[in-house]
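Report on the following structure.
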Amino acid sequence: MSESTQTYSMHELVSLCKRRGFIYPASEIYGGINGFWDYGPLGTALKNNLRDLWWRDMVQRPPLGPDGNEVSIVGLDSAIIQNAKVWEASGHVGGFNDPMVDCRETKARYRADHLMCLGLKGDRSGQIYAYVDGDEDSLAAAQKKLEKYVKKALSPDDVDTCQLTALSAEELAVTVGPDTKNAGTLTEPRQFNLMFDTTTGAIRNEDSKVYLRPETAQGIFLNFNNVVDTMRVKVPFGIAQIGKAFRNEVTPRNFIFRSREFEQMEIEWFCHEDDAEKWFEFWCDVRSSWWQSIGLTGANIMMRKHDDDELAHYAKEGCGTFDIEYRFPFTHPGFGELEGVAHRGNYDLSRHQEFSKKKLAYFDQAKNERYLPHVIEPSAGLSRGTLALLCEAYTPDPDRASKVYMAFHPKIAPIQAAVFPLVGKDGMPEIAHQLWSELRERWDVVTDVKQSIGKRYARMDEAGCPFCFTIDGDTASDQAVTVRHRDTQAQERIALDQVATFMSEKVG
RNA sequence: GCGGGCGUAGCUCAAUGGUAGAGCGUCAGCCUUCCAAGCUGAAUGUUGAGGGUUCGAGUCCCUUCGCCCGCUCCA
């Protein structure tokens with residue numbers, strides 16, 4: 001859908017994805033498993049096309065830099081499981097374990113570290129009032145409730161404040177939640193483990209505990225020295241990686257948008273601190289136009305600067321973070337994140353240097369200076385990108401037989417062309433088979449002899465195949481075929497020996 | 001994790017506590033010279049799973065799993 005208005009619901013798309021072999025629920029015959037999905041034949045092709053295009057456009061032939069010179073990016077494929085200390089250094093072991101507190105009465109949920117408590121100074125037996133840190137209204141409400149409880153106005157000197165996490169179980173039992181009047185409705189802070197863990201080796205204990213990576217980025221930082229030492233790269237340069245990452249999301253939701261196993265396409269761009277701003281702008285532009293080049297255009301895609309209060313623990317305040325967001329049906333009229341371009345400063349390298357005790361500084365010959373490079377990180381979701389492509393392509397059309405077609409950009413379509421004999425006789429299947437054999441050397445092409453031509457066109461509409469080449473009774477004599485265009489259903493006739501040229505022009 | 005809704009063929013959905021069905025899709029055959037045509041036929045279900053009540057459960061009860069919506073979360 002290219003308009004800004006929502007014209008279909010998510011379950012229609014989910015249904016088509018199942019019906020046409022794009023995406024299936026994982027472990028379906030065993031009742032499924034929450035937060036995991038399997039890619040079917042067409043979904044795999046679509047995702048692979050997106051992945052390969054990214055690799056080609058970012059690693060094999062990246063765009064020219066802001067000064068007009070070629071940029072240097074090398075590829076990497078690091079292990080999903082690394083030394084557990086990696087995630088302490090990265091901040092994930094701490095940052096990923098947010099204790100949560102639920103209110104049994106109001107059903108509200110709070111981050112325990114966001115709750116503060118108010119109590120009468122010196123009073124160990126009376127009620128305690130929780131409020132949300134930084135929320136003036138919440139604080140005022142707590143103060144008011146406390147004053148009502150002790151039946152007098154209180155000055156700041158009369159009260160004590162502390163973190164909710166510092167309370168004992170007894171104190172928690174007499175604590176009144178931010179949005180209720182009764183004490184003892186808050187649950188104990190509960191830990192949500194956002195990283196999956198497992199163990200290595202034969203002995204299973206705390207020392208053998210390891211984590212499945214929650215992002216591919218850290219594998220790049222771990223290999224920064226290796227790449228510098230072996231690949232003759234000079235700052236500025238980038239290291240790119242595509243791979244699976246795992247997050248034990250509290251609530252997997254919205255099809256493959258928030259799943260527990262997903263794929264990322266990340267670049268860590270290493271540069272001098274003085275140039276970070278310039279490169280940040282550069283990558284925002286490059287990544288924004290890249291998504292547009294594969295068909296995500298118009299009002300459904302936008303760039304958004306993060307508000308300061310939602311900056312990640314690694315985000316450098318200077319440049320902040322930009323999101324490239326897509327208007328998914330389930331976020332409509334809002335947007336959901338496709339990619340974040342973050343200025344990570346030298347946070348990661350300095351943390352790994354500190355935790356590993358290995359020097360990670362880069363020596364710059366030209367500047368005769370040794371420093372930890374700053375990092376600009378364009379981090380894209382391959383799974384989310386695939387979902388955005390599916391959402392963008394889904395086009396209801398009550399006037400055509402399939403009632404819907406998938407308007408994929410020809411570059412990423414899972415089936416790029418189909419070759420059909422108009423009917424299965426008079427030598428047409430033989431010509432079709434010959435043309436199909438030639439085209440499949442270079443493109444994803446299918447052929448089909450069975451059933452009526454209209455039915456075969458309709459199937460290709462749902463699969464999102466942009467072009468069908470049909471051999472008819474005249475082809476043998478005039479050496480021409482009919483091209484049927486998916487989006488317009490228009491037909492034109494071109495020479496049989498020009499089909500490959502047509503594909504080169506339209507698909508690339 | 002909480003609240004609400006839902007779960008029946010590949011998909012969309014029917015079936016008063018009493019024989020599990022339809023449409024579409026899929027497949028096969030015939031037909032067919034440009035849009036799911038037509039005709040004939042076929043396959044596919046432990047009604048998400050497990051227990052219970054009942055002479056009898058898709059239907060009622062309990063548990064559990066999954067999906068959707070809201071809260072929460074989204075480093």
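Chains: A, B, ... in order of the structure tokens. Residues: from 1 per chain. Ligands: from 1, in order shown.
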
task = Mind the document's chain letters and residue numbers, and return as a PyMOL selection string the residues of region 182-339 of chain A that DSSP labels strand (DSSP E or B).
result = chain A and resi 183+186+190+197-199+209-212+237-246+253+258+261-271+301-305+321-326+336-339

inquiry  = Could you list, as a ChimeraX atom specification, every residue within 7 Å of region 219-234 of chain A, counting only C-alpha atoms (C1' of nucleotides) and ignoring same-chain residues fewer than 4 positions away?
reply    = /A:78,239,348-349,360

task = Using only C-alpha atoms (C1' of nucleotides), find the residues of chain B whose closest atom to chain A is at most 12 Å away, then write them as number ranges by chain.
result = B: 1-3, 7, 10-12, 24-38, 48-49, 64-75

Quick one: everything within 8 Å of region 241-243 of chain A, counting only C-alpha atoms (C1' of nucleotides), minus sequence neighbours fewer than 6 positions away in the same chain. Send it as a CSV table (one decimal) with C-alpha atoms, in the first residue's frame.
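Done, and the output landed in around_8.csv:
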chain,number,residue,atom,x,y,z
A,51,ARG,CA,19.9,-9.1,2.6
A,75,GLY,CA,32.4,-7.8,6.0
A,76,LEU,CA,32.4,-10.0,9.1
A,77,ASP,CA,30.5,-13.0,10.4
A,78,SER,CA,31.1,-13.4,14.1
A,216,THR,CA,25.4,-8.4,16.1
A,217,ALA,CA,27.2,-5.2,16.8
A,220,ILE,CA,32.3,-6.3,15.3
A,263,GLU,CA,18.0,-10.8,11.9
A,264,GLN,CA,20.0,-7.6,11.8
A,265,MET,CA,22.1,-5.8,9.2
A,266,GLU,CA,24.6,-3.6,11.0
A,267,ILE,CA,27.5,-1.4,10.1

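Computed from the coordinates, the CA of Val446 (chain A) to CA of Ala417 (chain A) distance equals 6.6 Å.
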
task = Have a look at CA of Asp448 (chain A) and CA of Phe469 (chain A) and let me know their distance in Å, one decimal.
result = 11.1 Å

task = Return as a ChimeraX atom specification the full set of residues in region 192-331 of chain A whose backbone-based DSSP assignment is helix (DSSP H, G or I).
result = /A:206-208,217-222,224-230,273-293,298-300,308-310

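From CA of Pro378 (chain A) back to CA of Arg287 (chain A), the distance works out to 7.4 Å.
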
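Residue nearest Asp426 (chain A), chosen from A:Ala476, A:Ser9, A:Lys411, A:Tyr405 and counting only C-alpha atoms: A:Ala476.
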